[in-house]
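Enquirer: Sharing coords_18.cif, mmCIF, C-alpha atoms:
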```cif
data_my_file
#
loop_
_atom_site.label_atom_id
_atom_site.label_comp_id
_atom_site.auth_asym_id
_atom_site.auth_seq_id
_atom_site.Cartn_x
_atom_site.Cartn_y
_atom_site.Cartn_z
CA MET R 827 100.82 125.19 109.58
CA LEU R 828 97.15 124.35 109.40
CA ARG R 829 97.86 121.56 106.93
CA THR R 830 100.55 120.12 109.14
CA THR R 831 98.25 120.21 112.16
CA LEU R 832 95.47 118.59 110.17
CA ALA R 833 97.83 115.91 108.87
CA ALA R 834 99.12 115.21 112.37
CA GLY R 835 95.56 114.99 113.64
CA ALA R 836 94.59 112.64 110.84
CA ILE R 837 97.62 110.48 111.56
CA ALA R 838 96.72 110.30 115.23
CA LEU R 839 93.15 109.35 114.38
CA ALA R 840 94.24 106.76 111.86
CA THR R 841 96.58 105.27 114.43
CA ALA R 842 93.96 105.22 117.16
CA GLY R 843 91.48 103.59 114.82
CA LEU R 844 93.71 100.65 114.02
CA ALA R 845 92.89 97.31 115.57
CA LEU R 846 95.65 95.64 117.50
CA ALA R 847 97.21 92.45 116.31
CA SER R 848 96.67 89.25 118.31
CA GLY R 849 98.69 89.02 121.50
CA SER R 850 99.47 92.71 121.52
CA ASP R 851 96.25 93.80 123.21
CA LYS R 852 97.81 92.88 126.55
CA PRO R 853 100.54 95.18 127.92
CA ALA R 854 104.00 94.26 126.68
CA ASP R 855 105.88 91.88 128.96
CA PRO R 856 109.53 93.02 128.94
CA THR R 857 110.70 89.52 129.93
CA ASP R 858 108.88 87.69 127.13
CA PRO R 859 110.33 87.83 123.61
CA ILE R 860 107.01 86.69 122.07
CA SER R 861 105.12 89.55 123.72
CA LEU R 862 107.82 92.06 122.77
CA ARG R 863 107.96 91.09 119.11
CA GLN R 864 104.16 91.03 118.83
CA HIS R 865 104.02 94.59 120.13
CA LEU R 866 106.87 95.59 117.86
CA MET R 867 105.09 94.12 114.83
CA ALA R 868 101.83 95.83 115.80
CA ASN R 869 103.65 99.18 115.90
CA LEU R 870 105.24 98.40 112.57
CA GLY R 871 101.77 97.77 111.13
CA LYS R 872 100.52 101.10 112.48
CA ALA R 873 103.47 103.02 111.08
CA THR R 874 103.05 101.27 107.74
CA GLY R 875 99.37 102.19 107.84
CA ILE R 876 100.22 105.88 108.12
CA GLY R 877 102.44 105.58 105.04
CA GLY R 878 99.83 103.59 103.14
CA ARG R 879 97.05 106.06 103.95
CA MET R 880 99.14 108.97 102.74
CA LEU R 881 99.86 107.12 99.49
CA LYS R 882 96.19 106.29 99.02
CA GLY R 883 95.29 109.95 99.59
CA GLU R 884 93.26 109.16 102.70
CA ILE R 885 95.41 111.59 104.69
CA ASP R 886 97.53 114.50 103.48
CA TYR R 887 101.12 113.86 102.55
CA ASN R 888 103.61 115.16 105.09
CA PRO R 889 107.35 114.67 104.45
CA GLN R 890 108.24 114.59 108.16
CA ALA R 891 105.56 112.00 108.85
CA ALA R 892 106.80 110.03 105.84
CA ARG R 893 110.33 110.04 107.21
CA ALA R 894 109.04 109.06 110.65
CA VAL R 895 107.31 106.07 109.07
CA LEU R 896 110.54 104.88 107.48
CA LEU R 897 112.55 105.56 110.66
CA THR R 898 110.05 103.48 112.64
CA MET R 899 110.44 100.67 110.13
CA SER R 900 114.21 100.99 110.43
CA SER R 901 114.01 100.83 114.24
CA VAL R 902 111.93 97.67 114.04
CA ALA R 903 114.41 96.17 111.61
CA LEU R 904 117.30 96.94 113.98
CA GLY R 905 115.64 95.12 116.87
CA ILE R 906 113.53 92.33 115.44
CA GLY R 907 116.33 89.84 114.69
CA ARG R 908 117.11 89.40 118.40
CA MET R 909 113.51 88.66 119.35
CA PHE R 910 113.32 85.07 118.13
CA PRO R 911 115.52 83.09 120.53
CA GLU R 912 115.52 79.31 120.19
CA GLY R 913 112.34 77.80 121.63
CA SER R 914 110.37 81.06 121.75
CA THR R 915 107.11 79.61 120.44
CA SER R 916 103.57 79.44 121.81
CA PRO R 917 100.11 78.49 120.50
CA ASP R 918 99.48 82.20 119.99
CA SER R 919 102.78 82.95 118.23
CA GLU R 920 102.70 83.10 114.45
CA ALA R 921 106.43 82.59 114.12
CA ARG R 922 107.05 79.69 111.74
CA ASP R 923 109.55 76.95 112.60
CA THR R 924 111.56 77.94 109.51
CA ILE R 925 112.95 80.84 111.60
CA TRP R 926 114.96 78.25 113.51
CA THR R 927 115.40 75.56 110.87
CA ASP R 928 116.61 78.12 108.30
CA ARG R 929 118.54 80.39 110.63
CA ALA R 930 120.85 81.68 107.90
CA GLY R 931 117.95 82.59 105.64
CA PHE R 932 116.16 84.38 108.47
CA ARG R 933 119.30 86.34 109.38
CA ALA R 934 119.76 87.32 105.74
CA ALA R 935 116.15 88.52 105.55
CA VAL R 936 116.62 90.64 108.68
CA ALA R 937 119.90 92.04 107.32
CA LYS R 938 118.15 93.02 104.09
CA PHE R 939 115.33 94.66 106.04
CA ILE R 940 117.90 96.69 108.05
CA ALA R 941 119.81 97.76 104.93
CA ASP R 942 116.69 98.65 102.93
CA THR R 943 115.03 100.65 105.71
CA GLU R 944 118.20 102.56 106.63
CA ALA R 945 118.81 103.44 102.99
CA ALA R 946 115.17 104.45 102.44
CA ALA R 947 114.97 106.63 105.55
CA ALA R 948 118.00 108.61 104.36
CA GLN R 949 116.51 109.52 100.97
CA PRO R 950 114.86 112.84 100.09
CA MET R 951 111.14 112.70 100.73
CA GLY R 952 109.93 116.11 99.59
CA SER R 953 107.39 114.67 97.16
CA ILE R 954 104.90 111.88 97.59
CA ASP R 955 106.40 110.10 94.57
CA GLU R 956 109.81 110.00 96.23
CA PHE R 957 108.15 108.48 99.29
CA ARG R 958 106.16 106.03 97.16
CA ALA R 959 109.36 104.56 95.70
CA GLN R 960 111.01 104.18 99.13
CA PHE R 961 107.86 102.76 100.71
CA GLY R 962 107.52 100.19 97.94
CA ALA R 963 111.14 99.08 98.36
CA VAL R 964 110.90 98.58 102.11
CA THR R 965 107.45 96.97 102.21
CA ALA R 966 108.61 94.29 99.77
CA ASN R 967 110.46 93.00 102.85
CA CYS R 968 107.17 92.47 104.72
CA LYS R 969 105.87 90.09 102.10
CA ALA R 970 109.16 88.24 101.55
CA CYS R 971 109.71 87.62 105.26
CA HIS R 972 106.08 86.71 106.02
CA GLU R 973 105.99 84.31 103.10
CA ALA R 974 108.90 82.30 104.45
CA TYR R 975 108.80 82.82 108.22
CA ARG R 976 105.27 83.50 109.35
CA ILE R 977 102.21 81.25 109.77
CA LYS R 978 98.82 82.82 110.08
CA LYS R 979 96.95 81.18 112.96
CA ASN R 980 93.49 82.72 112.75
CA MET J 432 73.16 30.52 84.77
CA TRP J 433 76.97 30.76 84.81
CA ARG J 434 76.84 32.34 81.43
CA TYR J 435 74.63 35.13 82.75
CA LEU J 436 76.90 35.67 85.74
CA ALA J 437 79.94 35.81 83.52
CA LEU J 438 78.16 38.23 81.26
CA ALA J 439 77.16 40.38 84.25
CA ALA J 440 80.75 40.36 85.55
CA LEU J 441 82.01 41.32 82.13
CA LEU J 442 79.47 44.14 81.91
CA ALA J 443 80.41 45.37 85.39
CA ALA J 444 84.09 45.31 84.50
CA GLY J 445 83.33 47.10 81.26
CA LEU J 446 81.27 49.69 83.08
CA GLY J 447 84.04 50.17 85.67
CA TRP J 448 86.59 50.55 82.90
CA TYR J 449 84.34 53.01 81.14
CA LEU J 450 83.65 55.05 84.29
CA THR J 451 87.33 55.31 85.21
CA GLY J 452 88.44 56.32 81.72
CA ALA J 453 89.77 59.78 80.97
CA GLU J 454 87.90 62.34 78.89
CA ARG J 455 89.66 64.49 76.34
CA ILE J 456 88.83 67.55 74.30
CA ASP J 457 88.91 66.78 70.59
CA ALA J 458 91.09 68.89 68.34
CA GLU J 459 88.17 69.09 65.89
CA ALA J 460 85.96 70.59 68.60
CA LEU J 461 88.30 73.57 69.02
CA GLY J 462 87.57 75.49 65.83
CA PRO J 463 89.44 78.59 64.69
CA HIS J 464 90.87 80.93 67.34
CA ASP J 465 92.91 84.10 67.07
CA PRO J 466 94.89 84.09 70.35
CA ASP J 467 94.94 87.22 72.52
CA LEU J 468 98.35 87.14 74.23
CA ALA J 469 97.53 89.99 76.63
CA ASN J 470 94.50 88.07 77.84
CA GLY J 471 96.67 84.94 78.04
CA GLU J 472 99.03 86.74 80.40
CA ARG J 473 96.10 87.99 82.48
CA ILE J 474 94.88 84.40 82.80
CA PHE J 475 98.43 83.29 83.64
CA ASP J 476 98.47 85.79 86.52
CA ILE J 477 95.03 85.02 87.94
CA GLY J 478 95.69 81.29 87.44
CA GLY J 479 98.75 81.48 89.66
CA CYS J 480 100.74 79.26 87.28
CA ALA J 481 104.04 80.80 88.40
CA SER J 482 103.38 80.10 92.08
CA CYS J 483 103.74 76.37 91.53
CA HIS J 484 105.52 75.93 88.20
CA ALA J 485 108.24 78.63 88.32
CA VAL J 486 111.64 77.16 89.18
CA PRO J 487 112.06 77.52 92.98
CA GLY J 488 114.54 80.23 93.86
CA SER J 489 114.45 81.71 90.38
CA GLU J 490 113.76 85.43 90.04
CA ASP J 491 112.02 84.78 86.72
CA ARG J 492 108.33 84.00 87.25
CA HIS J 493 108.15 83.06 83.57
CA LEU J 494 110.68 80.23 83.75
CA LEU J 495 108.25 77.35 84.30
CA GLY J 496 110.68 74.45 84.77
CA GLY J 497 108.80 73.15 87.82
CA GLY J 498 110.59 71.30 90.60
CA ARG J 499 108.61 72.37 93.64
CA ARG J 500 107.43 69.49 95.80
CA LEU J 501 103.99 69.50 97.40
CA ALA J 502 103.68 67.22 100.43
CA THR J 503 100.05 66.18 100.98
CA PRO J 504 98.26 63.42 102.91
CA PHE J 505 97.96 61.54 99.57
CA GLY J 506 101.66 61.62 98.79
CA THR J 507 104.31 64.02 97.57
CA PHE J 508 103.64 65.65 94.24
CA ALA J 509 106.51 66.89 92.09
CA VAL J 510 105.47 69.97 90.11
CA PRO J 511 106.19 69.33 86.42
CA ASN J 512 107.96 71.46 83.83
CA ILE J 513 105.35 73.32 81.72
CA SER J 514 107.82 75.49 79.83
CA PRO J 515 107.86 75.29 76.01
CA ASP J 516 110.77 72.81 76.04
CA PRO J 517 109.68 70.06 73.59
CA VAL J 518 111.27 67.22 75.61
CA HIS J 519 110.91 68.16 79.28
CA GLY J 520 108.14 70.75 79.01
CA ILE J 521 104.94 70.99 77.02
CA GLY J 522 106.47 72.32 73.79
CA ALA J 523 105.30 69.27 71.84
CA TRP J 524 101.72 69.51 73.10
CA SER J 525 98.82 70.35 70.83
CA GLU J 526 96.25 72.91 71.86
CA ALA J 527 93.79 70.03 72.41
CA ASP J 528 96.31 68.36 74.75
CA PHE J 529 96.49 71.55 76.79
CA ALA J 530 92.72 72.07 76.87
CA SER J 531 92.25 68.43 77.94
CA ALA J 532 94.71 68.94 80.79
CA MET J 533 93.14 72.18 82.01
CA LEU J 534 89.46 71.36 81.56
CA LYS J 535 89.37 67.57 81.96
CA GLY J 536 92.46 66.81 84.05
CA THR J 537 93.68 64.43 81.37
CA ALA J 538 97.29 64.06 80.24
CA PRO J 539 98.23 63.66 76.55
CA ASP J 540 98.90 59.94 77.17
CA GLY J 541 95.32 59.52 78.46
CA ARG J 542 96.20 59.24 82.13
CA HIS J 543 94.41 61.23 84.82
CA TYR J 544 96.19 64.07 86.54
CA TYR J 545 96.10 64.19 90.33
CA PRO J 546 94.02 67.12 91.54
CA ALA J 547 97.06 68.70 93.24
CA PHE J 548 96.94 70.34 89.81
CA PRO J 549 93.78 72.38 90.46
CA TYR J 550 91.88 71.35 87.32
CA PRO J 551 88.58 70.91 89.23
CA SER J 552 88.63 74.74 89.34
CA TYR J 553 90.15 75.24 85.90
CA ALA J 554 87.33 73.06 84.50
CA ARG J 555 85.08 76.11 85.01
CA MET J 556 87.22 78.23 82.66
CA ARG J 557 86.11 79.47 79.28
CA LEU J 558 87.73 77.59 76.43
CA ASP J 559 88.92 80.83 74.80
CA ASP J 560 90.78 81.80 77.99
CA VAL J 561 92.46 78.40 78.06
CA ARG J 562 93.51 78.83 74.44
CA ASP J 563 94.86 82.34 75.07
CA LEU J 564 96.81 81.00 78.03
CA PHE J 565 98.28 78.23 75.88
CA ALA J 566 99.40 80.80 73.30
CA PHE J 567 100.97 82.94 76.06
CA LEU J 568 102.81 79.96 77.61
CA ARG J 569 104.38 79.24 74.21
CA THR J 570 106.06 82.68 74.27
CA LEU J 571 107.92 81.93 77.54
CA PRO J 572 111.52 80.71 77.86
CA PRO J 573 112.11 76.93 77.67
CA SER J 574 113.63 75.03 80.60
CA ASP J 575 115.37 71.67 80.14
CA ARG J 576 114.82 70.63 83.73
CA PRO J 577 113.32 67.09 83.77
CA SER J 578 110.00 66.56 85.56
CA PRO J 579 110.54 64.13 88.44
CA ALA J 580 107.94 61.46 89.30
CA HIS J 581 105.38 61.90 92.08
CA GLU J 582 105.84 59.80 95.22
CA ILE J 583 102.40 58.36 95.87
CA GLY J 584 101.53 55.18 97.73
CA PHE J 585 98.73 52.67 97.16
CA PRO J 586 95.76 53.09 96.73
CA PHE J 587 96.21 56.63 95.40
CA SER J 588 98.79 55.34 92.95
CA VAL J 589 95.99 53.57 91.00
CA ASN J 590 95.53 56.15 88.30
CA ARG J 591 92.16 54.89 87.05
CA GLY J 592 90.71 55.44 90.52
CA LEU J 593 90.88 59.13 89.71
CA GLY J 594 88.21 58.53 87.07
CA LEU J 595 85.76 57.80 89.87
CA TRP J 596 87.00 60.81 91.82
CA LYS J 597 86.34 62.98 88.80
CA LEU J 598 82.77 61.67 88.55
CA LEU J 599 82.26 63.08 92.06
CA HIS J 600 84.20 66.31 91.81
CA LEU J 601 84.78 67.44 88.23
CA SER J 602 82.17 69.71 86.70
CA PRO J 603 82.26 72.83 84.55
CA GLU J 604 79.23 74.22 86.41
CA PRO J 605 79.72 77.31 88.60
CA VAL J 606 79.74 76.72 92.36
CA LEU J 607 77.14 79.38 93.15
CA ASP J 608 74.03 80.34 91.22
CA MET J 609 74.61 84.02 90.51
CA ALA J 610 72.89 84.41 87.17
CA ASP J 611 71.08 87.54 88.39
CA ALA J 612 74.11 89.23 89.94
CA SER J 613 75.82 92.30 88.46
CA GLU J 614 78.34 91.89 85.68
CA ARG J 615 81.13 92.78 88.09
CA VAL J 616 80.10 90.11 90.61
CA ARG J 617 79.84 87.54 87.83
CA ARG J 618 83.31 88.46 86.57
CA GLY J 619 84.57 87.99 90.13
CA GLN J 620 82.74 84.67 90.34
CA TYR J 621 84.46 83.46 87.21
CA LEU J 622 87.89 84.54 88.44
CA VAL J 623 87.48 83.08 91.94
CA GLU J 624 85.68 79.82 91.07
CA GLY J 625 87.60 79.18 87.85
CA PRO J 626 91.16 80.27 87.04
CA GLY J 627 91.87 81.85 90.46
CA HIS J 628 91.10 78.48 92.13
CA CYS J 629 90.69 80.25 95.50
CA GLY J 630 88.41 77.48 96.78
CA GLU J 631 91.17 74.88 96.53
CA CYS J 632 92.68 76.24 99.75
CA HIS J 633 89.86 78.33 101.26
CA THR J 634 87.18 75.59 101.16
CA PRO J 635 87.32 72.52 103.41
CA ARG J 636 87.54 69.08 101.82
CA ASP J 637 85.37 66.06 102.46
CA ILE J 638 86.56 62.53 103.18
CA THR J 639 87.16 61.82 99.48
CA GLY J 640 89.50 64.79 99.17
CA GLY J 641 87.04 66.83 97.13
CA LEU J 642 85.82 70.29 98.11
CA ASP J 643 82.80 70.46 100.43
CA LEU J 644 80.87 73.00 98.36
CA SER J 645 78.26 73.45 101.10
CA ARG J 646 81.01 75.26 103.00
CA TRP J 647 82.34 77.21 100.03
CA LEU J 648 85.22 79.52 101.07
CA ALA J 649 84.55 78.87 104.78
CA GLY J 650 88.22 78.23 105.56
CA ALA J 651 90.20 75.01 105.94
CA PRO J 652 93.36 73.53 107.42
CA ASN J 653 96.51 74.70 105.66
CA PRO J 654 97.38 72.03 103.05
CA GLU J 655 101.05 72.93 103.51
CA GLY J 656 101.07 72.11 107.22
CA GLU J 657 100.67 74.35 110.26
CA GLY J 658 97.97 76.96 110.61
CA ARG J 659 94.65 77.56 108.91
CA ILE J 660 93.51 79.11 105.66
CA PRO J 661 90.96 81.75 106.67
CA ASN J 662 87.24 81.86 106.07
CA ILE J 663 86.71 84.54 103.38
CA THR J 664 82.90 84.50 103.33
CA PRO J 665 81.08 87.53 104.83
CA ALA J 666 80.63 85.45 108.01
CA ARG J 667 84.24 86.24 108.88
CA LEU J 668 85.69 88.60 106.28
CA ARG J 669 84.29 91.96 107.30
CA TRP J 670 86.54 94.14 105.13
CA SER J 671 85.06 96.59 102.63
CA GLU J 672 85.30 95.91 98.92
CA ALA J 673 88.01 98.57 98.69
CA ASP J 674 89.94 96.85 101.52
CA ILE J 675 89.80 93.49 99.74
CA ALA J 676 90.89 94.98 96.43
CA TYR J 677 93.77 96.84 98.12
CA TYR J 678 94.84 93.64 99.89
CA LEU J 679 94.96 91.80 96.56
CA GLU J 680 97.05 94.67 95.16
CA SER J 681 99.45 95.33 98.04
CA GLY J 682 99.25 92.38 100.43
CA PHE J 683 98.24 94.77 103.22
CA THR J 684 95.21 94.08 105.41
CA PRO J 685 93.21 97.08 106.68
CA ASP J 686 95.48 96.92 109.78
CA TYR J 687 98.53 96.99 107.51
CA ASP J 688 99.49 93.52 108.48
CA SER J 689 101.21 91.92 105.50
CA ALA J 690 100.03 88.67 103.86
CA GLY J 691 102.12 85.66 104.78
CA GLY J 692 102.61 82.04 103.80
CA GLY J 693 101.08 80.85 100.53
CA MET J 694 98.97 84.00 100.24
CA ALA J 695 102.09 86.12 99.70
CA ALA J 696 102.64 84.16 96.48
CA VAL J 697 99.00 84.72 95.53
CA ILE J 698 99.42 88.48 96.03
CA ALA J 699 102.43 88.39 93.70
CA ASN J 700 99.94 87.21 91.06
CA THR J 701 96.90 89.35 91.90
CA SER J 702 99.04 92.51 92.13
CA ARG J 703 99.64 92.12 88.39
CA LEU J 704 95.97 91.97 87.45
CA PRO J 705 94.06 94.96 86.10
CA ALA J 706 92.39 96.87 88.97
CA GLU J 707 88.96 95.97 87.57
CA ASP J 708 89.64 92.26 88.14
CA ARG J 709 90.65 92.84 91.77
CA ALA J 710 87.50 94.93 92.23
CA ALA J 711 85.45 92.11 90.68
CA ILE J 712 86.93 89.53 93.06
CA ALA J 713 86.16 91.83 95.99
CA ALA J 714 82.57 92.34 94.82
CA TYR J 715 82.09 88.57 94.51
CA LEU J 716 83.51 87.88 97.97
CA LYS J 717 81.02 90.35 99.46
CA ALA J 718 78.20 88.56 97.60
CA VAL J 719 78.91 84.92 98.52
CA PRO J 720 76.69 83.34 101.21
CA PRO J 721 78.14 83.61 104.72
CA ARG J 722 79.33 80.19 105.96
CA GLU J 723 80.93 79.04 109.16
#
```
Could you rewrite the structure in this file as structure tokens?
Expert:
Amino acid sequence: MLRTTLAAGAIALATAGLALASGSDKPADPTDPISLRQHLMANLGKATGIGGRMLKGEIDYNPQAARAVLLTMSSVALGIGRMFPEGSTSPDSEARDTIWTDRAGFRAAVAKFIADTEAAAAQPMGSIDEFRAQFGAVTANCKACHEAYRIKKN
Amino acid sequence: MWRYLALAALLAAGLGWYLTGAERIDAEALGPHDPDLANGERIFDIGGCASCHAVPGSEDRHLLGGGRRLATPFGTFAVPNISPDPVHGIGAWSEADFASAMLKGTAPDGRHYYPAFPYPSYARMRLDDVRDLFAFLRTLPPSDRPSPAHEIGFPFSVNRGLGLWKLLHLSPEPVLDMADASERVRRGQYLVEGPGHCGECHTPRDITGGLDLSRWLAGAPNPEGEGRIPNITPARLRWSEADIAYYLESGFTPDYDSAGGGMAAVIANTSRLPAEDRAAIAAYLKAVPPRE
């Protein structure tokens, strides 16, 4: 019980300590797909951070928290594909034009992200090594998608 | 009088021809070497060879058939086949040919390479590392994919002009004077300034297309188009050494943002390095002078 409370506290602290990504420090604008996806990606980063900190031993491993991390990733995967309508660009947006010029490739990347995160979130996560394998499989999607469809602006 | 002028013109032409010629490394200068294949692979990974030379779309980072195209303001460069295929790759090259390419930017036929091939950085490599890399490349699978020609317009198409460019920008000297730094920082210096060729993207270029070393690692426009390559001097990069090393291993920033664009390909290389090399790179990046 104490361990779980400590882990939850550490997670909360770690989350609070994370800097926000650009564009997401303003409140989310429900009518603006750029604002929505920036907030979604910022949350994804925070959830990933909780998983990464557990794996690095910076916070205690907690199987429920581990599953929550993967379920958060899965939720992002389920929604993100709809957040890049044609023409949704701005000077602040880091979406690369390949999202629209390579629509099929982008859709395939999102489909893979959905499949990988749903599969990972359903696996047993009793040990940190089980989580490590699932975390590695899903975070490979971050790199693959950012390599092809994201441009760093700052 | 005319005879002197003619002589002067001839001397000037001779000097120009001499200055624009290509240097090679002599086979006799190499001496005996017992190649270390594990070190060769380590150099392959820090050198990022696969990022440009692996066949696009192939899962095999060791199939170096080339074929990527690099669009730059100087023209479009077609990445060549460097697999051990004797016809289309470098299977027929001697070790001296390879060392001349890496350290002098000179092709076996005596022509200059364009610095889209980052030999101005590789020129800072130790000869033994180059030789180990050559031995490692020879163990990789051959590809019979032909190397297409570059598409470069005048005046950049004048190959001998690169001889003058090399006089300005090709030197085996380190960028920073760090003779008194720790061994770890100096290892990082070697990896970053030499085989890792980090400065080729992270340092701005001057009007001649060479790196502006007074703004070493201060960030630059993205050579592949949109966006910017970030400043990674302490002026802007405020991460801890552990953060930098973890980024080079996982691609995750301290905020757990994930590396994108060309850096994702770099992480695919640095993630394969021994942890001590990532730590050395991190230590060096904390030690470089802050630049804006």
Enquirer: Quick one: pull the distance between CA of Thr451 (chain J) and CA of Ile513 (chain J), Å, one decimal.
Expert: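 Spanning CA of Thr451 (chain J) to CA of Ile513 (chain J) is a straight-line distance of 25.7 Å.
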Enquirer: What does the distance between CA of Ala935 (chain R) and CA of Lys852 (chain R) come to in Å, to one decimal place?
Expert: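 If I compute the distance from CA of Ala935 (chain R) to CA of Lys852 (chain R), I get 28.2 Å.
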Enquirer: Report as an MDAnalysis selection string the set of chain R residues whose atoms approach chain J to within 8 Å, with distances computed over all atoms listed in the file.
Expert: chainID R and resid 844:846 871:872 874:875 968:980
Enquirer: May I ask for the distance between CA of Arg569 (chain J) and CA of Pro517 (chain J), given in Å to one decimal place?
Expert: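 According to the coordinates, CA of Arg569 (chain J) and CA of Pro517 (chain J) are separated by 10.6 Å.
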Enquirer: On this structure, the PyMOL selection byres ((chain J and resi 580-588) around 6) would catch which residues? List them as a list in words, sorted by chain and number.
Expert: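 This file, filtered by the PyMOL selection byres ((chain J and resi 580-588) around 6), leaves Gly506, Thr507, Phe508, Ala509, Pro579, Val589 and Asn590 of chain J.
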Enquirer: Keeping C-alpha atoms, export the residues of the selection given above as a PDB file, in the frame of the given file.
Expert:
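result.pdb was written with the following content:
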```pdb
ATOM      1  CA  GLY J 506     101.660  61.620  98.790  1.00  0.00           C
ATOM      2  CA  THR J 507     104.310  64.020  97.570  1.00  0.00           C
ATOM      3  CA  PHE J 508     103.640  65.650  94.240  1.00  0.00           C
ATOM      4  CA  ALA J 509     106.510  66.890  92.090  1.00  0.00           C
ATOM      5  CA  PRO J 579     110.540  64.130  88.440  1.00  0.00           C
ATOM      6  CA  VAL J 589      95.990  53.570  91.000  1.00  0.00           C
ATOM      7  CA  ASN J 590      95.530  56.150  88.300  1.00  0.00           C
TER       8      ASN J 590
END
```
Enquirer: For each of R:Arg908, R:Arg893, R:Arg929, R:Arg922, take the minimum atom-to-atom distance to Ile954 (chain R), counting only C-alpha atoms, then give the residue where this is smallest.
Expert: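 Nearest to Ile954 (chain R): R:Arg893.
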Enquirer: Name the residues captured by the PyMOL selection byres ((chain J and resi 668-674) around 9) when it is applied to the shown file; answer as an NGL selection string.
Expert: :J and (661-667 or 675-679 or 683-685 or 710 or 712-714 or 716-717)
Enquirer: If you apply the PyMOL selection byres ((chain R and resi 911) around 12) to this file, what residues do you get, as a PDB file with C-alpha atoms, keeping the file's coordinate frame?
Expert:
```pdb
ATOM      1  CA  ASP R 858     108.880  87.690 127.130  1.00  0.00           C
ATOM      2  CA  PRO R 859     110.330  87.830 123.610  1.00  0.00           C
ATOM      3  CA  ILE R 860     107.010  86.690 122.070  1.00  0.00           C
ATOM      4  CA  ARG R 863     107.960  91.090 119.110  1.00  0.00           C
ATOM      5  CA  ILE R 906     113.530  92.330 115.440  1.00  0.00           C
ATOM      6  CA  GLY R 907     116.330  89.840 114.690  1.00  0.00           C
ATOM      7  CA  ARG R 908     117.110  89.400 118.400  1.00  0.00           C
ATOM      8  CA  MET R 909     113.510  88.660 119.350  1.00  0.00           C
ATOM      9  CA  PHE R 910     113.320  85.070 118.130  1.00  0.00           C
ATOM     10  CA  GLU R 912     115.520  79.310 120.190  1.00  0.00           C
ATOM     11  CA  GLY R 913     112.340  77.800 121.630  1.00  0.00           C
ATOM     12  CA  SER R 914     110.370  81.060 121.750  1.00  0.00           C
ATOM     13  CA  THR R 915     107.110  79.610 120.440  1.00  0.00           C
ATOM     14  CA  ALA R 921     106.430  82.590 114.120  1.00  0.00           C
ATOM     15  CA  ASP R 923     109.550  76.950 112.600  1.00  0.00           C
ATOM     16  CA  ILE R 925     112.950  80.840 111.600  1.00  0.00           C
ATOM     17  CA  TRP R 926     114.960  78.250 113.510  1.00  0.00           C
ATOM     18  CA  ARG R 929     118.540  80.390 110.630  1.00  0.00           C
TER      19      ARG R 929
END
```
Enquirer: Can you work out which one of R:Ser919, R:Thr924, R:Ser953, R:Asn967 has the shortest atom-to-atom distance to Ala937 (chain R), counting all atoms listed in the file?
Expert: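 That would be R:Asn967, the residue with the smallest distance to Ala937 (chain R).
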Enquirer: Using only C-alpha atoms - which residues lie no farther than 10 Å from the point (106.9, 81.1, 75.4) in the file's frame? Write them as a ChimeraX atom specification.
Expert: /J:493-495,514-516,522,565-573
Enquirer: Nearest to Ala894 (chain R) among R:His865, R:Phe932, R:Met951, R:Gly962, with distances taken over all atoms listed in the file: which residue is it?
Expert: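 Result for the nearest residue to Ala894 (chain R): R:Met951.
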Enquirer: As lines of an AutoDock Vina configuration file, please report the centre and edge lengths, rounded to one decimal in Å, of the axis-aligned box that holds all listed atoms of region 902-907 of chain R with 8 Å of padding on each of the six sides.
Expert:
```
center_x = 114.6
center_y = 93.8
center_z = 114.2
size_x = 21.4
size_y = 23.8
size_z = 21.3
```
Enquirer: When distances are computed from all atoms listed in the file, which of J:Leu450, J:Cys629, J:Met609, J:Leu558 shows the smallest separation from Arg591 (chain J)?
Expert: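 Answer, going by the shortest atom-to-atom distance: J:Leu450.
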Enquirer: Using all atoms listed in the file, determine which residues lie at most 9 Å from Asp559 (chain J), disregarding the query and same-chain residues fewer than 5 positions distant; provide the list as a list in words.
Expert: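 Neighbouring residues, sequence-local ones excluded: His464, Pro466 and Leu564 of chain J.
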Enquirer: For the residues in the current selection, export C-alpha atoms as a short mmCIF file (atom, residue, chain, number, x, y, z; two decimals), in the coordinates of the input.
Expert:
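Below you can see out_2.cif, which holds the result:
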```
data_model
loop_
_atom_site.label_atom_id
_atom_site.label_comp_id
_atom_site.auth_asym_id
_atom_site.auth_seq_id
_atom_site.Cartn_x
_atom_site.Cartn_y
_atom_site.Cartn_z
CA HIS J 464 90.87 80.93 67.34
CA PRO J 466 94.89 84.09 70.35
CA LEU J 564 96.81 81.00 78.03
#
```
Enquirer: Need to verify the contact set: Cys483 (chain J), 9 Å, all atoms listed in the file, exclusion of same-chain residues closer than 6 positions in sequence. Can you return it as an MDAnalysis selection string?
Expert: chainID J and resid 495 497:500 510
